[in-house]
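Student: I have a structure I would like to understand better, so I am pasting it below and will then ask my questions one at a time.
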Amino acid sequence: MRTPFRPLFTVFMLTLALASGCKLRETESRSSSDNGDDTPVGDPDDSGFTVGVCKKYTGSETSGTCTAGNYLIHKRSSETTALGTNPATDRSLECKVTTANYSSDAMINCLVEADELELAYNGIAFNFNVPSNMCEYVRVMPFHFWNFRPALNGATTAGPTVVTYDLVDGTIDSTTMVTRTPTGAPLADDAVDQAVANRAGTAARCLYDYSESGGPNCCEGQYELTVTTRDTLANTNVTNTTRPSWGGLAANCLAGPAMRTQGKSVFGTPIHKIHYVAGTGINRALVAYERDDDGRIMDTAFTANHVAGSADLSNVNTLPLGYRSYLGYAPTPYYEFACLDRDAEVKARIQVFVREWNEAAELVKYRAADVTADPDTAGNETSPSLPTEPNNDYIDWDDLGLTDFPESLDFVAESAESGGGALMSKMVPAVF
């Protein structure tokens with residue numbers, strides 16, 4: 001498992017990497033190893049409501065060519081909440097709904113299987129088709145998540161609403177800093193203060209403002225600030241109360257394909273795209289993430305939303321932190337394509353999960369219906385023996401577990417052990 005580094009070290013580690021002669025990741029050349037069929041996008045097909053996957057997509061949203069390559073998409077045979085699959089049956093099931101009948105048969109989950117570097121390098125797109133006689137509207141919302149922690153668990157504001165401290169000879173006396181709710185009750189979560197002194201020690205910084213480390217400012221709203229300014233030389237104390245703003249937006253902590261593809265609400269959260277399709281149907285592309293031509297590569301957690309079998313989408317305690325609800329907003333932990341009637345009732349729905357595989361040999365086993373195939377192999381490469389090269393090269397949600405936010409998705413980094421220490425050998429700013 002590769003452990004994500006934290007944004008607090010971003011500037012330092014980037015400086016270290018460049019100073020030690022390390023190069024930024026260069027653009028790799030593309031190969032022509034695709035073996036999937038090309039699917040035209042544009043004319044609706046009345047055979048069913050389907051979602052296909054594209055390793056490469058060429059064209060516009062309404063017309064083009066979807067090339068699956070060696071990506072595989074299939075329906076899960078068991079529509080339980082656990083995200084396990086049976087390769088002996090599932091791998092051959094088409095991601096398709098034939099009848100929109102407001103029943104569980106019309107609500108399916110599908111899985112995309114992809115090699116991790118293929119996914120990180122190429123990105124992913126989808127081709128969704130809805131027949132002309134099935135729906136009045138189609139609603140689309142891609143996967144997205146909390147990349148940074150935006151607030152306290154159960155909080156209604158992204159940061160404290162009352163802050164007091166003493167400023168002694170121009171520097172905050174941290175022992176006097178208190179952060180409170182409007183009712184006067186102390187704010188605390190895991191014994192962490194909700195506001196701290198900024199790096200210069202001259203002002204308060206909300207805990208959810210990551211801008212000093214190159215991240216987003218997710219702390220929003222006004223707060224009551226009371227500062228007692230002490231001048232020890234002049235022996236003066238002056239207390240002032242103001243109502244400044246934290247200056248950020250909670251939605252700045254969101255990341256993922258939806259933050260690229262969707263319009264935004266007044267709160268900065270992504271909004272559904274709704275298409276009117278009655279009598280015409282629709283056949284369109286959704287380019288969730290496409291790698292830049294300059295060679296910047298994203299960790300697969302940006303696109304691969306699958307979580308191993310224990311995750312239960314109906315039980316918040318089994319969800320990764322990045323998928324949970326904060327400030328009343330829960331991100332969409334899947335790529336959703338929904339068929340709606342005139343009253344926005346769901347007639348049929350396809351939810352897609354993308355699973356990345358750490359070793360090509362394991363995905364080959366899965367394609368051959370081997371039930372022992374393991375997408376999350378750990379350890380280092382053994383053939384040939386490369387003890388410093390991990391099988392798991394890119395962070396996904398199984399690596400993050402239930403206790404961590406991604407945070408490192410601002411960058412992709414690979415580490416190499418040298419002299420007993422980890423050196424950041426390649427480091428590339430990601431694109432959001």
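Note on naming: chains are A, B, ... as they come in the structure tokens, residues start from 1 per chain, ligands start from 1 in the order shown.
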Once DSSP has gone over the backbone, tell me which residues of region 160-351 of chain A are in strand (DSSP E), as a ChimeraX atom specification.

Tutor: /A:162-168,171-180,195-197,204-206,224-231,236-242,254-255,273-276,282-290,335-340,346-351

Student: Near region 131-145 of chain A, counting only C-alpha atoms, which residues have an atom at most 8 Å away, once you skip same-chain residues fewer than 3 positions from it, shown as a VMD selection string?

Tutor: chain A and resid 44 to 49 99 to 100 254 to 259 261 to 262 271 to 282 288 303 305 322 to 323 331 to 342 344 347

Student: Just the alpha helix (DSSP H) stuff from region 92-339 of chain A, please, per backbone DSSP, written as a list of chain:residue names.

Tutor: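 Those residues are A:Glu116, A:Leu117, A:Glu118, A:Leu119, A:Ala120, A:Tyr121, A:Asn122, A:Ala258, A:Met259, A:Arg260, A:Thr261.
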
Student: Take the residues just selected and output them with C-alpha atoms as a compact mmCIF listing (two decimals), in the first residue's frame.

Tutor:
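Printed below is again11.txt as written:
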# COMPACT_ATOMS: atom_id res chain seq x y z
CA GLU A 116 -4.01 0.84 -12.77
CA LEU A 117 -1.47 2.54 -15.04
CA GLU A 118 -3.82 2.27 -18.01
CA LEU A 119 -6.46 4.08 -15.96
CA ALA A 120 -4.06 6.70 -14.57
CA TYR A 121 -2.53 7.35 -17.99
CA ASN A 122 -5.61 7.31 -20.22
CA ALA A 258 -18.02 15.75 -11.42
CA MET A 259 -16.05 18.86 -10.46
CA ARG A 260 -14.74 18.95 -14.03
CA THR A 261 -17.78 17.91 -16.05

Student: Which is closer to Gly248 (chain A) than all the others in A:Lys365, A:Asp166, A:Ile297, A:Gly159, using only C-alpha atoms?

Tutor: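 When distances to Gly248 (chain A) are compared using only C-alpha atoms, the smallest one comes from A:Gly159.
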
Student: One decimal, in Å: what's the spacing between CA of Cys95 (chain A) and CA of Ala360 (chain A)?

Tutor: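 So the two atoms, CA of Cys95 (chain A) and CA of Ala360 (chain A), lie 22.9 Å apart.
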
Student: For a quick check of understanding, using only C-alpha atoms, which of A:Asp173, A:Asp376, A:Glu381, A:Asp209 has the smallest distance to Ala151 (chain A)?

Tutor: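 Smallest separation from Ala151 (chain A) among the options: A:Asp209.
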
Student: Determine, counting only C-alpha atoms, which protein, DNA and RNA residues have an atom within 9 Å of an atom of Asp43 (chain A); residues of the same chain fewer than 2 positions away are not included. Present the result as a list in words.

Tutor: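 Non-adjacent residues within range: Pro40, Val41, Asp45, Thr62, Ser63, Asn129, Gly281, Ile282, Asn283 and Arg284 of chain A.
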